[in-house]
Amino acid sequence: MKTPTALAIAAALSCVGAMTVSPETKPVEGKVAGHVKFDGKAPELKPLAITDEKSKGCCPAGAKMDTTDPSMVVSKDGGLANAVVLIEVPGEKMEPSTETVEIDQKMCHFEPHVRVVAAGGKVVFLNSDGVSHNIHTYANKNDSFNKTVAPGSKEECTLAKGDKVQVKCDIHDWMSAWVYVAETPHFAVTKEDGSFEIGGLKPGKYKVEVWHEKLGKAKGEATVKEDGTCDALDIKMGEKKK
Amino acid sequence: MADRGDTHYLTLTLNKWFLFASLAFLVSSLWMMVADWNRPWKHYQREFREVELKKAEANLAALETPAARQGEAALKAAVEKARADVGSNQAELDKATAAEFALKGDLYVKDQEAKFAKADYDWTRYLVEEHRKVVGDPKAEQEKLDRALDRIQVTALAKEKAESATKAGTAATAALMAKVSDAEKALAAGTRDQERIRKRIDQLDPKDKAVVIANEIRDAPGLDFIGPTLKVQKVVLDNLTFELNFTKTKRVDMCTTCHMATDREGWATDDDKEPLRTHPRLDLFVTAKSPHPLKDVGCTICHRGGGEALDFVRADHRPADEHEEKRWEEEYGWHKQHHWDYPMLSDAYVESSCVQCHKSSMELVADAAPKVAEGYRLFEKYGCYACHKVDWFPTSRKPAPSLKNIRAKVRPDWIASWVTKPKAFRETTWMPQIFHLENFPEDEPVVKSNFGQGQEISGRAWNDTAVAAVTAFVLSRAPEATMPPVPVQGDAKRGREVFRVSGCLACHDLAPHEGDEPKTKDPAFEKNEANEFGPNLRGVASKLNREWLYAWIKDPKSYWPDTRMPNLRLPDQDAADIAAYMIDDPDGVFHDVPKGWAEKASPLDVEALREQARWFFNKLSRAELERRFQGGDPDHRWDDVERLKVEVGEKFVLNQGCYSCHEIQGMENEMPIGTELSNWGSKTVDKLDFGFAGDKELGGRPKLDHEYREGWLIRKLHAPRSFDLEKVKNPKEKLRMPYFAFTDEQVDAITTFVVGLVDDEVQRARMNPSAEKASMDAGLRTIRQKNCMACHVIAPGEVTFKDAKGVVQTVPAELTPLESDKMPPPMESLAKLNEWLATYEKANDEEVKELGMRLYAASPDVGMPGENVSVERANLVSVAPARGGTFVRLVTDYYLHGVQRFDKDAAKPEDAVSSVTADPDGEGKVQDVDGTFRAYADQPYDKVRWTFAPPVLLDEGGKLQRGWFFAFLNDPVPLRRQIRVRMPSFHFAEGEAGAVADYFAYASRANWPSKYARTMRLALGMKLKGDHAADTERDWPQVTTYREGGGALPIEDVAKGTALDVKTLRGIEAGSRADIDASFGKVLAFGTKQGFRMNGAVDPSYEAVHRRMPSHLEARGKECAEQGGPIALGQAVGLKGPNCYQCHWHQGDPPDQKDSPLSWGPDLGLARERLRESWVEDWLWSPALVYPGTSMPANFQGDPPQYQNVYPGSSNGQQIQSVLDWLFNMDRATPPPQ
């Protein structure tokens, strides 16, 4: 039972001045922004083992199968993509979300690879490919489901409880996506360069939590100043120990 | 008459004597009456009455809530009002009543007339017949006869008219009174429970003074023989006898005279004390509904003791411990009844009694009687039956390895050290210690040699020499043999993986030696309930050689035909790799022997050896012995010590009965040496030799309890030879039972079993199980003896929790993995779970407040199979593990994490432990069946579990065709080709494989009604959606799949609809046999009426595959002629729809995803002979409902239905039916063009 040991170190470097100028009447709405970075030298991931046999029908004629492993994408300067950043505001009561997010299946990959939805929200799974996929969610607190989605069809599911749901296609074993069901409305997924931005926060001190599918969890702290700005937050995540 | 003075007595004196005698008689009569009136059991009955009254009043008070009181008052008022209404119309009622009375009178008259007319006719006919005979005219007096006949007709008609008039009259009165009677009925129905209790209260505590006085008189001293209210209660058991002074007499049990509450529910609070307590298992005993009703079984057949005694002491009650014994002596003057041969069994051993009737169902009663069942299993595991005959015992294999080829396996010195003390090598071995036991004290002389003329031989020398002799003899009976070389080069690193994934650890553990700090903390090495089936393999390689090990792994039965180790059909390379892993031992476990273990020859004392020869060959003359010692007998050259060793060794082996457990060349027909135990439990205590060591404490072993068989047996099992202590015995007379080092619990369990081996005193009551029960028992036994449950889950775990309403629910479920872990938390016990969670919380800096679980069966008040439910940790009451499948966790853990390996030479301690697989690149990949290494560390637990771990056997009888199952067990065929765990070839004995197949079939059939009841209630509460409403009837998979937040139908509604009470329904849902047998029909009728339909009531007899029948195909052919017939249509749906061939093997061909074993499914070509159609239908509707967590997707749940281009206008149900047609006729399908 090895669990990812998060090496969480929060370091404030420079202020980016992320500020929203607001009219006097409105309360200050600030945001937290920064980067999630990989601690140390990024591992070189091998391409996914996708043979032609396995990916038959995945791509239109002439297109090449993308074999990049999306489970750990690190930019040149160490930015970690696909990490989920969450801020929980103490005392804030969250209504069940009504939003709907989409995950598409394109050329036998889930698009995007990581999605966050606030608890109560709905996920719609599309199939833009010419082959059948099956959507198999591996939820722990929400109901899992596993249905075949023919080309052009869609399936949806509602995720009511905070959870981490891995999504797989059992037919194409490399296909994997994550739906993070957040129990807070303040969240973001880091971009290619590891950057993130979470708005809609009142001035104050916040605890920031980061989750990455391979690196586990990390924690940080951010302060939204009275003018809505904050010092940029860099969070480093290290490889879990074997 | 005047005193004449000549009598021999003095009247005055006589009068005095007379007075004295009369007074004495009077006093003693009064004393007798009072004593009889005052007997203890009457006190208990009075007390019972008082407590019952109190309980009844409390129950009534609980029922009489303010609402209930209001309701009752309203109903009473309604009755009053109805009466008043009728009263206002009294005149009419009076008139109607009078009319009815008159009509009834008239009817009586008419009825009488009709009867007279009939009698008159009979009489007339006789007269006429006689007259005709006399006058010789057959037509005479015809007129008279006709007249009588006419009268019958007329009076009958009149009676009929009067009848209908009376009916009308009664109806008229009833109509006037209808309101009143309806209101009264409503009152009775609404207050039924209260009235029942009130009546009982009135009986117990009569309000009527006259009744009180009458009761007092009935129970008054001296009058209480007539018709007392306090009575002796007895059960006369015609079928059950026991032996009393050489005759069989009927059992009469009067226990319930005092134990009045034994059949009453609700007498089990802390305030309720014996004898006024409820029997702890009313579901099994005492009640009429239970399988052991009091009136048929009584009490003493199980509890023993004096059934006819009405007194605490005479009933031979049995204290649980010394503390209780002391208390009883003070309180009741208790002492053991020395002249009663059937002392009561204390609660600790009461399960003994199960054996007398359940010999042929020991496996089936195991859950209800765990201790005696454990004793029975230990009796089998330790091979007790090999020396001690038990006439009905179902196992007869020799429990220990064959010694016929021992030279090929181990070295001579190893044998000597092993025989000296087996536990020095392996603490958990079931081989007992035979030598160096307490009846041969090490430093005391056993005997003075040479007929008292020679030296003193100490116990140590005697035994050391014996071991040397036995070793020499055993070797002498095995040929010199070397094993053929291993045909391929083994790879230890790969062997580690093969060892791990093939299933070795399912039956073998590698737990560290006692007291050793384990170098490698590998959970797979720890003992669990399944892996002590085979020996602990730690240190095993130190005694073996590579060639023998390879041959053994390849085919265990070639070395030991009776071994329980199955053949895994491993390829040469795999077997060689395992052998290399074990012999080369890179992990340092297979050569790790306990401290103090040394392989050495047993010291030999030649004089002791000669003395042993003198004892064993004591039929020879002294001269002959001497001649042999001098080498004078060419056949017995005893001057050669080696030859003498062999001859003495043979005698020791015969004397100690080694051949009872081991096969030894030339000793196949020897008789076992132990006492027959078939009736041991009936042996009276005075026949047991308690020896002289009764009060000695032997190293913490218990003191003897001379009064009871159990006491003797406990000593015997703990210190088998201690009865020899302080006795004068020659070495040949000494006790021979070996020392097993049983734990206290094991001794207790075996004792419970052996005490139950009584004379079959209940011959007529002995259970004759139905064919179904018998084969279930045999099936369960085979499953246990083959250790099937090490790999296969046969029942899911259970979670008990408080739901949101505070109701405690127990559901079949598995906990789901926590946020930062892949493996689900363990469910062995709540304590273990909490311990695990504490470690988890610490490691992940995370507080676990809530746990998720996935339901494994329809649980109406919680959810449907596959549904995930969260439970607050504080509301968790208990957890229980799945039955079977401990290996699943080990193999899954390997795929996800590899093996934890310990490097003792590591520079830093944190580097010492690493995780490895056989991956040559060191990336933690695992080799698949096609030889390719693939990474599985990032896969979800479920995916790995359902793909690579041994399959679950939930409802297996409902899934498999019995014939195929039977054939598969005998000769496994590749089914799930991606799995590296091997389904072994077991070499079942005759009947065993069939019993296993039958067990699953019968179990599925037995479970079906409760599954139906639960699922029906769930399904009926759900909503149908869109297309599905039109599909078929309310078939369970499709309905429950579309739950839409709908809950189950409240159980009260079902109770109303079925006219059953809630308790019975809960009983049915929980699988209570009695409730199902009595009331399931009503549930089924209710479900059918609601349009609910569920597949799969199993009939385990031969089952035709409906979809292969010409009639079916012809009918379907007409329906889908346009699409090319049913098989072609099904094939089109299957292949152009979801494309089953993407993942499934088919008729031996690999799936399209042939490079991805993680995606593989079983061979579809096997479906037609392997699967039951109804199961496949459920499976296609919703795989997750059948196997929660499976990788098989629901292919036909599209809303609207998918694949319209293949099968235009079809519903999901039609698509499924057409795929079924194809699956079961795949061999008849035209292959699709490539």
# chains A, B, ... in the order shown; residues from 1 in each chain; ligands from 1
>>> interface_residues(of="chain B", to="chain A", cutoff="6 Å", atoms="only C-alpha atoms", output="PyMOL selection string")
chain B and resi 816+820-821+852+867-868+870+1153+1159+1193-1195
>>> write_last_selection(atoms="C-alpha atoms", output="PDB file, in the first residue's frame")
ATOM      1  CA  THR B 816     -14.303   1.000  -1.941  1.00  0.00           C
ATOM      2  CA  SER B 820      -5.113   8.104  -1.677  1.00  0.00           C
ATOM      3  CA  ASP B 821      -5.018   4.359  -2.100  1.00  0.00           C
ATOM      4  CA  GLY B 852     -17.682   4.274   0.494  1.00  0.00           C
ATOM      5  CA  GLU B 867     -24.543   1.031  -6.319  1.00  0.00           C
ATOM      6  CA  ASN B 868     -22.054   2.924  -4.194  1.00  0.00           C
ATOM      7  CA  SER B 870     -21.346   6.338   1.634  1.00  0.00           C
ATOM      8  CA  GLN B1153      -7.626  -6.375 -28.936  1.00  0.00           C
ATOM      9  CA  SER B1159      -9.360  -6.079 -22.356  1.00  0.00           C
ATOM     10  CA  PRO B1193     -20.037  -2.686 -20.345  1.00  0.00           C
ATOM     11  CA  ALA B1194     -23.789  -2.445 -20.616  1.00  0.00           C
ATOM     12  CA  ASN B1195     -24.110  -2.627 -24.361  1.00  0.00           C
TER      13      ASN B1195
END
>>> residues_around(residues="Asp998 in chain B", least_positions_apart="5", cutoff="8 Å", atoms="only C-alpha atoms", output="MDAnalysis selection string")
chainID B and resid 775:776 779 957 962 1100
>>> write_last_selection(atoms="N, CA and C atoms", output="short mmCIF file (atom, residue, chain, number, x, y, z; two decimals), in the first residue's frame")
data_model
loop_
_atom_site.label_atom_id
_atom_site.label_comp_id
_atom_site.auth_asym_id
_atom_site.auth_seq_id
_atom_site.Cartn_x
_atom_site.Cartn_y
_atom_site.Cartn_z
N SER B 775 -25.94 -33.75 -1.06
CA SER B 775 -24.91 -33.37 -2.02
C SER B 775 -24.38 -31.97 -1.73
N MET B 776 -25.19 -31.12 -1.09
CA MET B 776 -24.63 -29.83 -0.67
C MET B 776 -23.54 -30.03 0.37
N GLY B 779 -20.58 -31.38 -1.34
CA GLY B 779 -19.99 -30.32 -2.14
C GLY B 779 -19.18 -29.37 -1.28
N GLY B 957 -24.19 -21.32 -9.59
CA GLY B 957 -25.15 -22.33 -10.03
C GLY B 957 -26.22 -21.74 -10.93
N ARG B 962 -24.97 -27.20 -15.39
CA ARG B 962 -24.37 -28.13 -14.46
C ARG B 962 -23.41 -29.10 -15.16
N PRO B 1100 -31.55 -27.63 -10.88
CA PRO B 1100 -30.22 -28.17 -11.13
C PRO B 1100 -30.21 -29.42 -12.02
#
>>> residues_around(residues="Met107 in chain A", least_positions_apart="2", cutoff="10 Å", atoms="only C-alpha atoms", output="count of residues only")
19
>>> select_by_dssp(residues="range 136-207 of chain A", states="strand (DSSP E or B)", output="number ranges by chain")
A: 136-138, 146-149, 154-158, 163-168, 176-182, 186-189, 195-201, 204-207
>>> residues_around(residues="Ala81 in chain A", least_positions_apart="5", cutoff="8 Å", atoms="only C-alpha atoms", output="JSON, numbers by chain")
{"A": [36, 72, 73, 74, 75, 189, 190, 191, 192, 193, 194, 195]}
>>> write_last_selection(atoms="C-alpha atoms", output="mmCIF file, in the first residue's frame")
data_model
loop_
_atom_site.group_PDB
_atom_site.id
_atom_site.type_symbol
_atom_site.label_atom_id
_atom_site.label_comp_id
_atom_site.auth_asym_id
_atom_site.auth_seq_id
_atom_site.Cartn_x
_atom_site.Cartn_y
_atom_site.Cartn_z
ATOM 1 C CA VAL A 36 2.294 23.938 -10.036
ATOM 2 C CA MET A 72 2.370 13.276 -16.432
ATOM 3 C CA VAL A 73 2.856 16.270 -18.655
ATOM 4 C CA VAL A 74 5.713 18.515 -17.587
ATOM 5 C CA SER A 75 6.720 21.587 -19.561
ATOM 6 C CA VAL A 189 -6.895 22.529 -13.685
ATOM 7 C CA THR A 190 -3.349 23.539 -14.503
ATOM 8 C CA LYS A 191 -2.569 24.326 -18.113
ATOM 9 C CA GLU A 192 0.294 23.000 -20.210
ATOM 10 C CA ASP A 193 2.734 25.335 -18.485
ATOM 11 C CA GLY A 194 1.452 24.420 -15.030
ATOM 12 C CA SER A 195 -0.324 27.726 -14.513
#
>>> select_by_dssp(residues="range 798-1041 of chain B", states="helix (DSSP H, G or I)", output="short mmCIF file (atom, residue, chain, number, x, y, z; two decimals) with N, CA and C atoms, in the first residue's frame")
data_model
loop_
_atom_site.label_atom_id
_atom_site.label_comp_id
_atom_site.auth_asym_id
_atom_site.auth_seq_id
_atom_site.Cartn_x
_atom_site.Cartn_y
_atom_site.Cartn_z
N LEU B 830 -13.92 -5.01 12.35
CA LEU B 830 -13.93 -3.57 12.53
C LEU B 830 -12.61 -3.12 13.14
N ALA B 831 -12.08 -3.94 14.07
CA ALA B 831 -10.83 -3.57 14.73
C ALA B 831 -9.70 -3.48 13.70
N LYS B 832 -9.65 -4.49 12.81
CA LYS B 832 -8.59 -4.50 11.81
C LYS B 832 -8.75 -3.32 10.84
N LEU B 833 -10.01 -3.04 10.52
CA LEU B 833 -10.28 -1.91 9.63
C LEU B 833 -9.81 -0.60 10.28
N ASN B 834 -10.15 -0.42 11.53
CA ASN B 834 -9.77 0.81 12.22
C ASN B 834 -8.26 0.96 12.31
N GLU B 835 -7.61 -0.16 12.56
CA GLU B 835 -6.16 -0.14 12.64
C GLU B 835 -5.57 0.28 11.29
N TRP B 836 -6.13 -0.31 10.23
CA TRP B 836 -5.69 0.00 8.88
C TRP B 836 -5.93 1.47 8.56
N LEU B 837 -7.11 1.96 8.96
CA LEU B 837 -7.46 3.35 8.69
C LEU B 837 -6.53 4.30 9.44
N ALA B 838 -6.16 3.92 10.66
CA ALA B 838 -5.26 4.77 11.43
C ALA B 838 -3.92 4.91 10.70
N THR B 839 -3.41 3.78 10.20
CA THR B 839 -2.16 3.81 9.45
C THR B 839 -2.32 4.68 8.20
N TYR B 840 -3.42 4.49 7.53
CA TYR B 840 -3.70 5.26 6.31
C TYR B 840 -3.74 6.76 6.61
N GLU B 841 -4.46 7.10 7.67
CA GLU B 841 -4.61 8.52 8.01
C GLU B 841 -3.26 9.15 8.30
N LYS B 842 -2.42 8.41 9.00
CA LYS B 842 -1.11 8.91 9.35
C LYS B 842 -0.24 9.08 8.09
N ALA B 843 -0.27 8.07 7.24
CA ALA B 843 0.57 8.09 6.05
C ALA B 843 0.15 9.19 5.09
N ASN B 844 -1.12 9.50 5.03
CA ASN B 844 -1.61 10.42 4.02
C ASN B 844 -2.04 11.76 4.56
N ARG B 873 -18.22 7.23 9.12
CA ARG B 873 -17.45 6.25 9.86
C ARG B 873 -18.06 6.00 11.24
N ALA B 874 -18.62 7.06 11.83
CA ALA B 874 -19.20 6.92 13.16
C ALA B 874 -20.42 5.99 13.14
N ASN B 875 -21.01 5.85 11.97
CA ASN B 875 -22.22 5.01 11.90
C ASN B 875 -21.94 3.56 11.52
N THR B 886 -9.22 -14.88 -0.46
CA THR B 886 -8.13 -14.11 0.15
C THR B 886 -7.00 -13.89 -0.85
N PHE B 887 -6.86 -14.81 -1.78
CA PHE B 887 -5.77 -14.69 -2.75
C PHE B 887 -5.98 -13.54 -3.72
N VAL B 888 -7.24 -13.15 -3.90
CA VAL B 888 -7.56 -12.06 -4.83
C VAL B 888 -6.75 -10.82 -4.48
N ARG B 889 -6.72 -10.53 -3.19
CA ARG B 889 -6.03 -9.33 -2.73
C ARG B 889 -4.53 -9.44 -3.01
N LEU B 890 -3.99 -10.63 -2.80
CA LEU B 890 -2.54 -10.80 -3.00
C LEU B 890 -2.16 -10.61 -4.45
N VAL B 891 -2.93 -11.22 -5.34
CA VAL B 891 -2.53 -11.15 -6.75
C VAL B 891 -2.80 -9.75 -7.30
N THR B 892 -3.87 -9.12 -6.86
CA THR B 892 -4.16 -7.76 -7.31
C THR B 892 -3.05 -6.82 -6.85
N ASP B 893 -2.67 -7.01 -5.59
CA ASP B 893 -1.62 -6.19 -5.03
C ASP B 893 -0.33 -6.33 -5.85
N TYR B 894 -0.07 -7.53 -6.32
CA TYR B 894 1.13 -7.74 -7.12
C TYR B 894 1.06 -6.96 -8.43
N TYR B 895 -0.07 -7.04 -9.11
CA TYR B 895 -0.20 -6.32 -10.38
C TYR B 895 -0.05 -4.81 -10.17
N LEU B 896 -0.59 -4.33 -9.05
CA LEU B 896 -0.56 -2.89 -8.82
C LEU B 896 0.76 -2.41 -8.22
N HIS B 897 1.38 -3.26 -7.40
CA HIS B 897 2.55 -2.79 -6.65
C HIS B 897 3.80 -3.66 -6.75
N PRO B 909 18.74 2.40 5.30
CA PRO B 909 17.58 1.56 5.62
C PRO B 909 16.38 1.83 4.72
N GLU B 910 16.20 3.10 4.30
CA GLU B 910 15.01 3.38 3.48
C GLU B 910 15.14 2.78 2.07
N ASP B 911 16.37 2.42 1.70
CA ASP B 911 16.54 1.79 0.39
C ASP B 911 16.44 0.27 0.46
N ALA B 912 16.38 -0.24 1.68
CA ALA B 912 16.41 -1.69 1.82
C ALA B 912 15.16 -2.34 1.25
N TYR B 941 -8.10 -0.47 -9.31
CA TYR B 941 -8.15 -1.76 -8.63
C TYR B 941 -9.17 -2.70 -9.27
N ASP B 942 -10.37 -2.16 -9.50
CA ASP B 942 -11.45 -2.99 -10.05
C ASP B 942 -11.07 -3.64 -11.37
N LYS B 943 -10.40 -2.83 -12.19
CA LYS B 943 -10.04 -3.31 -13.52
C LYS B 943 -9.12 -4.52 -13.39
N VAL B 944 -8.12 -4.40 -12.52
CA VAL B 944 -7.15 -5.48 -12.33
C VAL B 944 -7.82 -6.68 -11.66
N ARG B 945 -8.65 -6.37 -10.66
CA ARG B 945 -9.29 -7.43 -9.91
C ARG B 945 -10.17 -8.31 -10.81
N TRP B 946 -10.99 -7.65 -11.64
CA TRP B 946 -11.93 -8.42 -12.46
C TRP B 946 -11.26 -9.03 -13.68
N THR B 947 -10.05 -8.56 -13.98
CA THR B 947 -9.38 -9.10 -15.17
C THR B 947 -8.37 -10.19 -14.84
N PHE B 948 -7.57 -9.98 -13.77
CA PHE B 948 -6.45 -10.90 -13.54
C PHE B 948 -6.60 -11.80 -12.30
N GLU B 956 -23.04 -18.93 -8.88
CA GLU B 956 -22.41 -19.70 -9.95
C GLU B 956 -23.37 -20.77 -10.48
N GLY B 957 -24.19 -21.32 -9.59
CA GLY B 957 -25.15 -22.33 -10.03
C GLY B 957 -26.22 -21.74 -10.93
N GLY B 958 -26.50 -20.46 -10.75
CA GLY B 958 -27.48 -19.79 -11.61
C GLY B 958 -26.86 -19.41 -12.94
N LYS B 959 -25.55 -19.47 -13.00
CA LYS B 959 -24.86 -19.01 -14.20
C LYS B 959 -24.49 -20.18 -15.11
N ARG B 962 -24.97 -27.20 -15.39
CA ARG B 962 -24.37 -28.13 -14.46
C ARG B 962 -23.41 -29.10 -15.16
N GLY B 963 -23.83 -29.57 -16.32
CA GLY B 963 -23.01 -30.54 -17.04
C GLY B 963 -21.65 -29.98 -17.43
N TRP B 964 -21.65 -28.74 -17.88
CA TRP B 964 -20.39 -28.12 -18.27
C TRP B 964 -19.51 -27.92 -17.05
N PHE B 965 -20.12 -27.46 -15.96
CA PHE B 965 -19.39 -27.19 -14.72
C PHE B 965 -18.69 -28.48 -14.27
N PHE B 966 -19.43 -29.55 -14.29
CA PHE B 966 -18.88 -30.84 -13.87
C PHE B 966 -17.68 -31.21 -14.74
N ALA B 967 -17.86 -31.08 -16.05
CA ALA B 967 -16.78 -31.44 -16.96
C ALA B 967 -15.57 -30.53 -16.76
N PHE B 968 -15.84 -29.25 -16.53
CA PHE B 968 -14.75 -28.28 -16.36
C PHE B 968 -13.93 -28.59 -15.10
N LEU B 969 -14.64 -28.95 -14.02
CA LEU B 969 -13.92 -29.26 -12.78
C LEU B 969 -12.98 -30.44 -12.99
N ASN B 970 -13.46 -31.42 -13.71
CA ASN B 970 -12.64 -32.60 -13.95
C ASN B 970 -11.49 -32.31 -14.90
N GLU B 992 -17.00 -36.33 -6.20
CA GLU B 992 -16.62 -35.02 -5.65
C GLU B 992 -16.95 -33.86 -6.60
N ALA B 993 -16.54 -34.00 -7.84
CA ALA B 993 -16.78 -32.90 -8.78
C ALA B 993 -18.28 -32.67 -8.96
N GLY B 994 -19.03 -33.76 -9.03
CA GLY B 994 -20.48 -33.63 -9.15
C GLY B 994 -21.07 -32.92 -7.95
N ALA B 995 -20.55 -33.24 -6.77
CA ALA B 995 -21.08 -32.62 -5.55
C ALA B 995 -20.80 -31.12 -5.55
N VAL B 996 -19.63 -30.73 -6.06
CA VAL B 996 -19.32 -29.30 -6.11
C VAL B 996 -20.29 -28.58 -7.06
N ALA B 997 -20.48 -29.18 -8.23
CA ALA B 997 -21.41 -28.58 -9.20
C ALA B 997 -22.81 -28.51 -8.60
N ASP B 998 -23.22 -29.60 -7.94
CA ASP B 998 -24.55 -29.62 -7.33
C ASP B 998 -24.66 -28.59 -6.21
N TYR B 999 -23.59 -28.46 -5.44
CA TYR B 999 -23.65 -27.51 -4.33
C TYR B 999 -24.02 -26.12 -4.86
N PHE B 1000 -23.32 -25.70 -5.91
CA PHE B 1000 -23.59 -24.35 -6.41
C PHE B 1000 -24.99 -24.25 -6.99
N ALA B 1001 -25.41 -25.31 -7.68
CA ALA B 1001 -26.75 -25.28 -8.27
C ALA B 1001 -27.81 -25.19 -7.17
N TYR B 1002 -27.69 -26.03 -6.17
CA TYR B 1002 -28.68 -26.02 -5.09
C TYR B 1002 -28.63 -24.72 -4.30
N ALA B 1003 -27.41 -24.23 -4.08
CA ALA B 1003 -27.30 -22.99 -3.30
C ALA B 1003 -27.98 -21.85 -4.06
N SER B 1004 -27.79 -21.81 -5.38
CA SER B 1004 -28.44 -20.74 -6.16
C SER B 1004 -29.95 -20.88 -6.08
N ARG B 1005 -30.41 -22.13 -6.15
CA ARG B 1005 -31.86 -22.32 -6.09
C ARG B 1005 -32.39 -21.91 -4.71
N ALA B 1006 -31.64 -22.24 -3.67
CA ALA B 1006 -32.10 -21.91 -2.33
C ALA B 1006 -32.08 -20.39 -2.10
N ASN B 1007 -31.15 -19.71 -2.73
CA ASN B 1007 -31.04 -18.26 -2.52
C ASN B 1007 -32.01 -17.47 -3.37
N TRP B 1008 -32.57 -18.12 -4.37
CA TRP B 1008 -33.38 -17.38 -5.32
C TRP B 1008 -34.58 -16.68 -4.70
N PRO B 1009 -35.37 -17.36 -3.86
CA PRO B 1009 -36.56 -16.68 -3.33
C PRO B 1009 -36.24 -15.38 -2.58
N SER B 1010 -35.18 -15.39 -1.78
CA SER B 1010 -34.90 -14.16 -1.04
C SER B 1010 -34.40 -13.08 -1.99
N LYS B 1011 -33.65 -13.50 -3.00
CA LYS B 1011 -33.19 -12.54 -4.00
C LYS B 1011 -34.40 -11.95 -4.74
N TYR B 1012 -35.34 -12.83 -5.06
CA TYR B 1012 -36.55 -12.38 -5.75
C TYR B 1012 -37.29 -11.36 -4.91
N ALA B 1013 -37.49 -11.70 -3.62
CA ALA B 1013 -38.28 -10.83 -2.75
C ALA B 1013 -37.63 -9.45 -2.63
N ARG B 1014 -36.32 -9.44 -2.49
CA ARG B 1014 -35.63 -8.15 -2.33
C ARG B 1014 -35.67 -7.35 -3.62
N THR B 1015 -35.39 -8.05 -4.70
CA THR B 1015 -35.33 -7.36 -5.98
C THR B 1015 -36.70 -6.85 -6.39
N MET B 1016 -37.71 -7.65 -6.11
CA MET B 1016 -39.07 -7.23 -6.46
C MET B 1016 -39.41 -5.93 -5.76
N ARG B 1017 -39.11 -5.88 -4.48
CA ARG B 1017 -39.47 -4.68 -3.72
C ARG B 1017 -38.70 -3.47 -4.26
N LEU B 1018 -37.44 -3.69 -4.61
CA LEU B 1018 -36.66 -2.61 -5.20
C LEU B 1018 -37.26 -2.19 -6.54
N ALA B 1019 -37.49 -3.20 -7.37
CA ALA B 1019 -37.92 -2.91 -8.74
C ALA B 1019 -39.29 -2.22 -8.76
N LEU B 1020 -40.18 -2.66 -7.91
CA LEU B 1020 -41.53 -2.09 -7.95
C LEU B 1020 -41.56 -0.64 -7.50
N HIS B 1028 -37.90 1.91 -22.39
CA HIS B 1028 -37.88 0.68 -21.61
C HIS B 1028 -39.25 0.26 -21.14
N ALA B 1029 -40.13 1.24 -20.96
CA ALA B 1029 -41.46 0.90 -20.48
C ALA B 1029 -42.13 -0.05 -21.44
N ALA B 1030 -41.83 0.13 -22.74
CA ALA B 1030 -42.53 -0.65 -23.75
C ALA B 1030 -41.89 -2.01 -23.97
N ASP B 1031 -40.67 -2.19 -23.45
CA ASP B 1031 -39.91 -3.38 -23.80
C ASP B 1031 -40.58 -4.69 -23.44
N TRP B 1036 -36.34 -7.34 -13.96
CA TRP B 1036 -35.58 -6.60 -12.95
C TRP B 1036 -34.39 -5.82 -13.44
N PRO B 1037 -33.59 -6.34 -14.35
CA PRO B 1037 -32.40 -5.55 -14.67
C PRO B 1037 -32.76 -4.21 -15.28
N GLN B 1038 -33.68 -4.22 -16.22
CA GLN B 1038 -33.93 -2.96 -16.90
C GLN B 1038 -34.59 -1.96 -15.98
N VAL B 1039 -35.41 -2.45 -15.08
CA VAL B 1039 -36.10 -1.53 -14.20
C VAL B 1039 -35.13 -0.88 -13.24
N THR B 1040 -34.35 -1.72 -12.58
CA THR B 1040 -33.47 -1.15 -11.57
C THR B 1040 -32.37 -0.31 -12.18
N THR B 1041 -32.06 -0.57 -13.42
CA THR B 1041 -31.03 0.25 -14.04
C THR B 1041 -31.48 1.70 -14.13
#
